[in-house]
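A.B. asks: One file is attached below, structure13.txt, containing compact mmCIF, C-alpha atoms.
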```txt
# COMPACT_ATOMS: atom_id res chain seq x y z
CA MET T 16 0.00 0.00 0.00
CA THR T 17 1.31 3.47 -0.90
CA ALA T 18 0.46 6.65 0.94
CA SER T 19 -2.09 7.59 -1.75
CA SER T 20 -3.73 4.22 -2.24
CA PRO T 21 -6.80 3.11 -0.24
CA LEU T 22 -6.75 0.35 2.30
CA ARG T 23 -7.87 -3.02 0.98
CA ALA T 24 -10.17 -5.29 2.99
CA VAL T 25 -11.45 -8.81 2.43
CA ILE T 26 -14.51 -9.84 4.47
CA LEU T 27 -15.34 -13.54 4.50
CA GLY T 28 -18.87 -14.64 5.32
CA GLY T 29 -22.05 -13.19 6.73
CA VAL T 30 -24.74 -12.14 4.23
CA ALA T 31 -28.48 -12.33 4.91
CA TRP T 32 -31.73 -10.67 3.88
CA ASN T 33 -33.63 -9.14 6.79
CA THR T 34 -37.16 -7.95 7.40
CA MET T 35 -36.98 -5.31 10.14
CA VAL T 36 -40.16 -4.86 12.18
CA TYR T 37 -40.20 -1.79 14.43
CA ARG T 38 -42.46 -1.49 17.49
CA ASP T 39 -42.43 0.31 20.83
CA SER T 40 -42.01 -3.04 22.57
CA LEU T 41 -40.93 -6.54 21.62
CA PRO T 42 -43.61 -9.25 21.18
CA SER T 43 -44.71 -10.69 24.52
CA GLY T 44 -45.02 -14.25 23.27
CA GLU T 45 -48.73 -14.35 24.04
CA PRO T 46 -51.15 -15.47 21.29
CA GLY T 47 -52.79 -12.60 19.47
CA THR T 48 -52.27 -9.97 16.78
CA ILE T 49 -49.66 -7.23 16.89
CA PHE T 50 -49.09 -4.27 14.59
CA ALA T 51 -45.81 -2.86 13.31
CA ASP T 52 -45.02 0.84 13.50
CA ARG T 53 -42.92 0.43 10.36
CA VAL T 54 -41.19 -2.31 8.34
CA HIS T 55 -37.96 -2.24 6.34
CA ASP T 56 -36.47 -4.98 4.15
CA THR T 57 -32.71 -4.85 3.67
CA ILE T 58 -29.41 -6.70 3.73
CA GLY T 59 -28.21 -8.07 7.05
CA SER T 60 -25.55 -10.10 8.87
CA SER T 61 -22.14 -9.23 10.20
CA GLY T 62 -20.08 -9.64 7.05
CA ALA T 63 -22.28 -7.29 5.08
CA GLY T 64 -22.30 -4.79 7.95
CA LYS T 65 -18.52 -4.71 8.18
CA ALA T 66 -18.09 -4.44 4.42
CA MET T 67 -20.61 -1.61 4.09
CA ASN T 68 -19.07 0.42 6.90
CA LEU T 69 -15.54 -0.11 5.61
CA SER T 70 -16.60 1.02 2.15
CA THR T 71 -18.13 4.25 3.50
CA LEU T 72 -14.74 4.96 5.08
CA GLY T 73 -13.03 4.74 1.70
CA VAL T 74 -11.69 1.20 2.04
CA ASP T 75 -11.50 -0.89 -1.15
CA THR T 76 -13.69 -3.76 0.08
CA THR T 77 -14.39 -7.26 -1.21
CA LEU T 78 -17.06 -9.37 0.47
CA TRP T 79 -17.38 -13.13 0.03
CA GLY T 80 -20.74 -14.62 0.95
CA LEU T 81 -22.78 -17.81 0.76
CA VAL T 82 -26.20 -17.05 -0.72
CA GLY T 83 -28.97 -18.79 -2.63
CA ASN T 84 -29.86 -18.57 -6.28
CA ASP T 85 -32.89 -16.49 -5.37
CA GLY T 86 -34.38 -13.03 -5.28
CA TYR T 87 -33.00 -12.32 -1.80
CA ALA T 88 -29.45 -12.67 -3.12
CA ALA T 89 -30.30 -10.37 -6.02
CA TRP T 90 -31.62 -7.73 -3.61
CA ALA T 91 -28.52 -8.09 -1.44
CA ASN T 92 -26.39 -7.56 -4.55
CA GLU T 93 -28.22 -4.33 -5.29
CA VAL T 94 -27.51 -2.93 -1.82
CA LEU T 95 -23.85 -3.94 -1.89
CA ASP T 96 -23.47 -2.41 -5.35
CA GLN T 97 -24.81 0.91 -4.00
CA TYR T 98 -22.00 0.85 -1.45
CA GLY T 99 -19.37 0.08 -4.09
CA ILE T 100 -18.52 -3.36 -2.69
CA GLU T 101 -17.19 -6.22 -4.81
CA PHE T 102 -19.36 -9.21 -3.89
CA LEU T 103 -17.99 -12.70 -4.49
CA GLN T 104 -20.87 -15.08 -3.98
CA GLN T 105 -20.99 -18.84 -3.70
CA VAL T 106 -24.41 -20.34 -4.31
CA SER T 107 -25.90 -22.55 -1.60
CA ALA T 108 -28.77 -24.99 -2.21
CA ALA T 109 -30.09 -23.93 1.21
CA GLY T 110 -30.94 -20.49 -0.15
CA THR T 111 -30.06 -17.07 1.19
CA GLU T 112 -30.05 -16.73 4.96
CA ARG T 113 -33.09 -14.73 6.13
CA HIS T 114 -34.10 -13.13 9.43
CA VAL T 115 -37.12 -11.30 10.79
CA ASN T 116 -35.84 -8.83 13.38
CA PHE T 117 -38.26 -7.23 15.82
CA MET T 118 -36.79 -3.96 17.12
CA ASP T 119 -38.15 -1.98 20.08
CA SER T 120 -37.79 1.73 20.84
CA ALA T 121 -34.79 1.05 23.11
CA GLY T 122 -32.91 -0.63 20.26
CA ASP T 123 -33.29 -4.15 21.64
CA ARG T 124 -33.82 -6.93 19.13
CA LEU T 125 -35.64 -10.24 18.85
CA SER T 126 -34.40 -12.21 15.84
CA VAL T 127 -36.33 -14.97 14.11
CA PHE T 128 -34.11 -17.00 11.77
CA VAL T 129 -36.58 -17.78 8.99
CA ASN T 130 -33.77 -19.47 7.05
CA PRO T 131 -30.61 -19.89 9.15
CA GLY T 132 -28.56 -21.03 6.17
CA PRO T 133 -26.32 -24.10 6.25
CA HIS T 134 -24.18 -25.08 9.22
CA GLU T 135 -21.88 -27.16 7.04
CA ALA T 136 -20.93 -26.33 3.45
CA GLU T 137 -18.22 -27.19 0.96
CA ILE T 138 -16.44 -23.89 0.48
CA ASP T 139 -14.41 -23.00 -2.60
CA THR T 140 -11.59 -20.95 -1.11
CA SER T 141 -9.71 -20.58 -4.40
CA VAL T 142 -11.55 -17.39 -5.39
CA VAL T 143 -10.36 -15.71 -2.18
CA GLU T 144 -6.74 -16.89 -2.09
CA PRO T 145 -5.34 -14.39 -4.66
CA LEU T 146 -6.80 -11.46 -2.69
CA LEU T 147 -5.08 -12.17 0.61
CA PRO T 148 -1.44 -11.15 -0.05
CA ASN T 149 -2.47 -7.56 -0.91
CA ALA T 150 -5.11 -7.16 1.82
CA ASP T 151 -4.52 -4.76 4.70
CA LEU T 152 -7.40 -6.30 6.66
CA VAL T 153 -8.92 -9.78 6.42
CA SER T 154 -11.97 -10.56 8.52
CA VAL T 155 -13.44 -14.04 8.96
CA VAL T 156 -17.02 -14.06 10.25
CA ILE T 157 -17.73 -16.76 12.83
CA LYS T 158 -20.03 -18.82 10.62
CA ASN T 159 -19.19 -22.49 11.03
CA TYR T 160 -18.50 -22.97 7.32
CA CYS T 161 -16.07 -20.03 7.40
CA ARG T 162 -13.62 -22.13 9.41
CA ALA T 163 -12.40 -23.30 6.01
CA PHE T 164 -10.82 -19.89 5.47
CA LEU T 165 -8.76 -19.83 8.66
CA PRO T 166 -5.80 -21.99 7.52
CA LEU T 167 -5.71 -20.11 4.22
CA VAL T 168 -5.55 -16.69 5.87
CA ILE T 169 -2.96 -17.81 8.42
CA ALA T 170 -0.76 -19.29 5.67
CA SER T 171 -0.99 -16.07 3.65
CA GLY T 172 0.45 -14.01 6.50
CA ALA T 173 -2.42 -11.52 6.26
CA GLU T 174 -3.52 -9.83 9.47
CA LEU T 175 -6.65 -11.66 10.64
CA TRP T 176 -9.46 -9.76 12.36
CA VAL T 177 -12.18 -11.76 14.12
CA ASP T 178 -15.33 -10.47 15.82
CA ILE T 179 -16.63 -13.00 18.37
CA HIS T 180 -19.71 -10.89 19.19
CA ASP T 181 -21.35 -11.80 22.52
CA TYR T 182 -18.94 -14.60 23.48
CA ASP T 183 -19.69 -15.89 26.98
CA GLY T 184 -16.18 -17.07 27.82
CA VAL T 185 -16.94 -20.80 27.76
CA ASN T 186 -18.57 -21.75 24.45
CA PRO T 187 -16.10 -24.00 22.59
CA TYR T 188 -17.61 -23.01 19.24
CA HIS T 189 -15.51 -19.82 19.31
CA THR T 190 -12.16 -21.33 20.29
CA GLU T 191 -10.73 -21.91 16.82
CA PHE T 192 -11.64 -18.39 15.73
CA ILE T 193 -10.23 -16.84 18.92
CA GLU T 194 -6.90 -18.63 18.68
CA ALA T 195 -6.47 -17.71 15.00
CA ALA T 196 -7.12 -13.97 15.45
CA ASP T 197 -4.37 -11.36 15.31
CA CYS T 198 -6.93 -8.68 16.16
CA LEU T 199 -9.99 -9.60 18.24
CA THR T 200 -13.21 -7.72 18.91
CA MET T 201 -16.15 -8.66 21.11
CA SER T 202 -19.24 -7.45 22.92
CA THR T 203 -19.13 -7.70 26.72
CA LEU T 204 -22.85 -8.47 27.01
CA LEU T 205 -22.39 -12.07 28.22
CA HIS T 206 -18.79 -12.07 29.50
CA ASP T 207 -18.24 -10.97 33.11
CA ASP T 208 -14.43 -11.26 32.98
CA TRP T 209 -13.88 -9.70 29.57
CA ARG T 210 -10.85 -7.76 30.80
CA GLY T 211 -9.10 -10.88 32.01
CA PHE T 212 -10.02 -12.71 28.83
CA LEU T 213 -8.66 -10.01 26.51
CA GLU T 214 -5.51 -9.61 28.60
CA SER T 215 -4.95 -13.35 28.15
CA ARG T 216 -5.28 -12.96 24.38
CA ILE T 217 -2.68 -10.18 24.36
CA GLU T 218 -0.38 -12.42 26.37
CA ALA T 219 -0.99 -15.16 23.77
CA GLY T 220 0.22 -12.87 20.99
CA ALA T 221 -2.78 -10.87 19.76
CA LYS T 222 -1.85 -7.41 18.43
CA VAL T 223 -4.96 -5.59 19.65
CA CYS T 224 -8.26 -6.51 21.34
CA VAL T 225 -11.45 -4.46 21.53
CA ALA T 226 -14.49 -4.76 23.80
CA THR T 227 -17.70 -2.87 23.05
CA HIS T 228 -20.21 -2.09 25.80
CA GLY T 229 -23.18 -0.69 23.87
CA VAL T 230 -24.31 2.64 25.32
CA ASP T 231 -21.45 2.41 27.84
CA GLY T 232 -18.76 2.88 25.20
CA ALA T 233 -15.78 0.65 24.46
CA SER T 234 -12.37 -0.46 25.70
CA ALA T 235 -9.27 -1.65 23.88
CA ILE T 236 -5.90 -3.12 24.80
CA SER T 237 -2.60 -3.51 22.96
CA PRO T 238 0.80 -4.75 24.15
CA GLU T 239 2.34 -1.28 23.68
CA ASP T 240 -0.39 0.91 25.19
CA GLY T 241 -2.21 -1.23 27.72
CA TRP T 242 -5.87 -0.29 28.21
CA ALA T 243 -7.73 2.66 26.69
CA GLU T 244 -11.40 3.57 27.17
CA ILE T 245 -13.99 5.72 25.45
CA PRO T 246 -17.66 6.58 26.13
CA ALA T 247 -20.31 6.19 23.46
CA ILE T 248 -21.20 9.28 21.44
CA PRO T 249 -24.75 10.45 22.31
CA VAL T 250 -27.19 10.41 19.40
CA ASP T 251 -30.40 12.46 19.42
CA ARG T 252 -32.35 10.16 17.11
CA VAL T 253 -31.57 6.46 16.79
CA VAL T 254 -33.06 4.96 13.63
CA ASP T 255 -31.72 1.40 13.84
CA THR T 256 -29.06 -0.09 16.13
CA ASN T 257 -28.34 -3.02 13.81
CA GLY T 258 -24.82 -2.71 12.48
CA ALA T 259 -23.54 -0.52 15.33
CA GLY T 260 -20.94 -3.10 16.35
CA ASP T 261 -19.83 -3.61 12.75
CA ALA T 262 -19.59 0.15 12.31
CA PHE T 263 -17.42 0.48 15.42
CA TYR T 264 -15.25 -2.38 14.14
CA ALA T 265 -14.76 -0.63 10.78
CA GLY T 266 -13.91 2.76 12.27
CA PHE T 267 -11.52 1.25 14.78
CA ALA T 268 -9.79 -1.08 12.32
CA THR T 269 -9.15 1.49 9.60
CA THR T 270 -7.62 3.96 12.06
CA TRP T 271 -5.59 1.29 13.86
CA ILE T 272 -4.12 -0.02 10.61
CA THR T 273 -3.16 3.46 9.39
CA THR T 274 -1.98 5.03 12.66
CA GLY T 275 -1.49 2.39 15.37
CA ASP T 276 -3.02 4.94 17.79
CA LEU T 277 -5.27 3.07 20.25
CA GLN T 278 -7.20 6.09 21.56
CA ALA T 279 -7.72 7.58 18.09
CA SER T 280 -8.94 4.19 16.86
CA LEU T 281 -11.52 4.01 19.65
CA GLU T 282 -12.69 7.53 18.80
CA ALA T 283 -13.04 6.62 15.12
CA GLY T 284 -15.01 3.50 16.02
CA ALA T 285 -17.37 5.46 18.26
CA LEU T 286 -17.94 8.06 15.55
CA GLN T 287 -18.73 5.47 12.86
CA ALA T 288 -21.12 3.67 15.21
CA SER T 289 -22.93 6.92 16.01
CA LEU T 290 -23.43 7.55 12.29
CA ALA T 291 -24.59 3.99 11.58
CA VAL T 292 -27.38 4.02 14.18
CA GLN T 293 -28.82 7.09 12.47
CA SER T 294 -29.23 5.10 9.23
CA PRO T 295 -31.90 2.52 8.32
CA GLU T 296 -29.09 0.39 6.88
CA LEU T 297 -26.20 -1.39 8.58
CA ALA T 298 -23.93 1.54 7.70
CA PRO T 299 -24.33 5.24 7.02
CA LEU T 300 -26.05 5.76 3.69
CA PRO T 301 -23.60 6.07 0.77
CA ARG T 302 -23.05 9.56 -0.61
```
Show me this structure written as structure tokens.
C.D. replies:
Amino acid sequence: MTASSPLRAVILGGVAWNTMVYRDSLPSGEPGTIFADRVHDTIGSSGAGKAMNLSTLGVDTTLWGLVGNDGYAAWANEVLDQYGIEFLQQVSAAGTERHVNFMDSAGDRLSVFVNPGPHEAEIDTSVVEPLLPNADLVSVVIKNYCRAFLPLVIASGAELWVDIHDYDGVNPYHTEFIEAADCLTMSTLLHDDWRGFLESRIEAGAKVCVATHGVDGASAISPEDGWAEIPAIPVDRVVDTNGAGDAFYAGFATTWITTGDLQASLEAGALQASLAVQSPELAPLPR
């Protein structure tokens, strides 16, 4: 990468089509009829969210995803094209992953996986391999079938970013992803000892680790700087909290890669997240 060239990112996995249902409160679970305040159909999942936010920050972004040969994949393509993202898609007989997300006025979510997509899949990694040597950031989403990419990324020497979301500290599903990551991000929602956990990852050789706390801000640790903290940026009108974590990830990662400044990276993550929650999409709307 030269000083004038954009960063290059490769995001592996995580594309869905979502129906967003907005209400003052989440469904109670009681039989009956409920009414939506508004409904929005759009692309979803963590890979798409990261790719869209990175692209709005000027990063040359390629997204690989497993989708169906169906209209949902076509609609997802349209959204990604609006954000200027190169989308490499592998077709799955299971169809495109689909969710119905109920969102309440506090930003809490109840997700119904209408089509969860496959747990196992034969992945053709050859289309991704040529992209890795020139990538400044490679992110593997923690879909089970994305494990196939881990040895390939490690062998390439590319810096591997992994978001383990609301890891609880004990679920063995995450272990392979955690141990492979050079740069690790997580939500602290379910992990009481997140500080101890991330300190252990730094001791194991991770270059940087980030913990997001929702409305309580975020923390990060690196071997050189130790811990840094930042509050969340207040937003007057929240439109949709989906994608906030992916937005923070994108803002943090781009600044960390270009500057190595832990505090500035946290500030960039918080800013991108504040912009994303004011958008009906997973990222700020493209200009």
A.B. asks: Give as JSON, numbers by chain each residue that has an atom at most 10 Å from (0.5, -10.3, 4.0) in the file, counting only C-alpha atoms.
C.D. replies: {"T": [146, 147, 148, 149, 150, 151, 152, 153, 168, 169, 170, 171, 172, 173, 174, 175]}
A.B. asks: In Å to one decimal, how far is CA of Glu101 in chain T from CA of Pro21 in chain T?
C.D. replies: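 About the pair CA of Pro21 in chain T and CA of Glu101 in chain T: they are 14.7 Å apart.
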A.B. asks: Restricting the calculation to all atoms listed in the file: of T:Asp52, T:Asp261, T:Asp181, T:Asp123, which residue gets closest to Ile26 in chain T?
C.D. replies: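 Closest to Ile26 in chain T, using all atoms listed in the file: T:Asp261.
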A.B. asks: Using only C-alpha atoms, give me every residue within 12 Å of (-19.8, -15.5, 26.8) in file coordinates, as a PyMOL selection string.
C.D. replies: chain T and resi 179-190+201-209+212
A.B. asks: Go ahead and save the residues from that selection, with C-alpha atoms, as a JSON list (two decimals), in the frame of the given file.
C.D. replies:
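Output below, filename again11.json:
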```json
[["chain", "number", "residue", "atom", "x", "y", "z"],
["T", 179, "ILE", "CA", -16.63, -13.00, 18.37],
["T", 180, "HIS", "CA", -19.71, -10.89, 19.19],
["T", 181, "ASP", "CA", -21.35, -11.80, 22.52],
["T", 182, "TYR", "CA", -18.94, -14.60, 23.48],
["T", 183, "ASP", "CA", -19.69, -15.89, 26.98],
["T", 184, "GLY", "CA", -16.18, -17.07, 27.82],
["T", 185, "VAL", "CA", -16.94, -20.80, 27.76],
["T", 186, "ASN", "CA", -18.57, -21.75, 24.45],
["T", 187, "PRO", "CA", -16.10, -24.00, 22.59],
["T", 188, "TYR", "CA", -17.61, -23.01, 19.24],
["T", 189, "HIS", "CA", -15.51, -19.82, 19.31],
["T", 190, "THR", "CA", -12.16, -21.33, 20.29],
["T", 201, "MET", "CA", -16.15, -8.66, 21.11],
["T", 202, "SER", "CA", -19.24, -7.45, 22.92],
["T", 203, "THR", "CA", -19.13, -7.70, 26.72],
["T", 204, "LEU", "CA", -22.85, -8.47, 27.01],
["T", 205, "LEU", "CA", -22.39, -12.07, 28.22],
["T", 206, "HIS", "CA", -18.79, -12.07, 29.50],
["T", 207, "ASP", "CA", -18.24, -10.97, 33.11],
["T", 208, "ASP", "CA", -14.43, -11.26, 32.98],
["T", 209, "TRP", "CA", -13.88, -9.70, 29.57],
["T", 212, "PHE", "CA", -10.02, -12.71, 28.83]]
```
A.B. asks: Write out as a PDB file with C-alpha atoms, in the frame of the given file each polymer residue whose atoms come within 8 Å of Phe128 in chain T, counting only C-alpha atoms; drop sequence neighbours fewer than 3 positions from it.
C.D. replies:
```pdb
ATOM      1  CA  GLU T 112     -30.050 -16.730   4.960  1.00  0.00           C
ATOM      2  CA  ARG T 113     -33.090 -14.730   6.130  1.00  0.00           C
ATOM      3  CA  HIS T 114     -34.100 -13.130   9.430  1.00  0.00           C
ATOM      4  CA  VAL T 115     -37.120 -11.300  10.790  1.00  0.00           C
ATOM      5  CA  PRO T 131     -30.610 -19.890   9.150  1.00  0.00           C
TER       6      PRO T 131
END
```
A.B. asks: List as a count of residues only the protein and nucleic acid residues near Arg38 in chain T, meaning an atom at most 8 Å away when only C-alpha atoms are counted, but skip any in the same chain fewer than 5 places from it.
C.D. replies: 8
A.B. asks: Tell me, as a ChimeraX atom specification, which residues lie within 9 Å of Ile245 in chain T, counting only C-alpha atoms; anything in the same chain fewer than 6 positions away does not count.
C.D. replies: /T:231-235,278,281-282,285
A.B. asks: Between T:Val94, T:Ser126, T:Ser60, T:Leu27, which residue has the minimum interatomic distance to Leu165 in chain T, considering only C-alpha atoms?
C.D. replies: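 So, comparing all the options, the nearest one is T:Leu27.
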A.B. asks: Need to verify the contact set: range 84-88 of chain T, 12 Å, only C-alpha atoms, exclusion of same-chain residues closer than 2 positions in sequence. Can you return it as a PyMOL selection string?
C.D. replies: chain T and resi 30-34+56-59+80-82+90-95+102-114+130
A.B. asks: Output the selection as a CSV table (one decimal), in the coordinates of the input - C-alpha atoms for each residue.
C.D. replies:
```csv
chain,number,residue,atom,x,y,z
T,30,VAL,CA,-24.7,-12.1,4.2
T,31,ALA,CA,-28.5,-12.3,4.9
T,32,TRP,CA,-31.7,-10.7,3.9
T,33,ASN,CA,-33.6,-9.1,6.8
T,34,THR,CA,-37.2,-8.0,7.4
T,56,ASP,CA,-36.5,-5.0,4.2
T,57,THR,CA,-32.7,-4.8,3.7
T,58,ILE,CA,-29.4,-6.7,3.7
T,59,GLY,CA,-28.2,-8.1,7.0
T,80,GLY,CA,-20.7,-14.6,1.0
T,81,LEU,CA,-22.8,-17.8,0.8
T,82,VAL,CA,-26.2,-17.0,-0.7
T,90,TRP,CA,-31.6,-7.7,-3.6
T,91,ALA,CA,-28.5,-8.1,-1.4
T,92,ASN,CA,-26.4,-7.6,-4.6
T,93,GLU,CA,-28.2,-4.3,-5.3
T,94,VAL,CA,-27.5,-2.9,-1.8
T,95,LEU,CA,-23.8,-3.9,-1.9
T,102,PHE,CA,-19.4,-9.2,-3.9
T,103,LEU,CA,-18.0,-12.7,-4.5
T,104,GLN,CA,-20.9,-15.1,-4.0
T,105,GLN,CA,-21.0,-18.8,-3.7
T,106,VAL,CA,-24.4,-20.3,-4.3
T,107,SER,CA,-25.9,-22.6,-1.6
T,108,ALA,CA,-28.8,-25.0,-2.2
T,109,ALA,CA,-30.1,-23.9,1.2
T,110,GLY,CA,-30.9,-20.5,-0.2
T,111,THR,CA,-30.1,-17.1,1.2
T,112,GLU,CA,-30.0,-16.7,5.0
T,113,ARG,CA,-33.1,-14.7,6.1
T,114,HIS,CA,-34.1,-13.1,9.4
T,130,ASN,CA,-33.8,-19.5,7.0
```
A.B. asks: Could you work out how far CA of Cys224 in chain T lies from CA of Phe164 in chain T, giving the answer in Å with one decimal?
C.D. replies: 20.9 Å
A.B. asks: Of the candidates T:Ala288, T:Ala63, T:Cys161, T:Val155, which shows the shortest atom-to-atom distance to Asp255 in chain T, using all atoms listed in the file?
C.D. replies: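 Ranking T:Ala288, T:Ala63, T:Cys161, T:Val155 by distance to Asp255 in chain T, first place goes to T:Ala288.
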A.B. asks: Using all atoms listed in the file, which of T:Ser61, T:Thr227, T:Ser70, T:Thr273 sits nearest Ala243 in chain T?
C.D. replies: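 Ranking T:Ser61, T:Thr227, T:Ser70, T:Thr273 by distance to Ala243 in chain T, first place goes to T:Thr227.
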A.B. asks: To one decimal place, how far is CA of Val250 in chain T from CA of Leu69 in chain T in Å?
C.D. replies: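 Here the two named atoms are 20.9 Å from each other.
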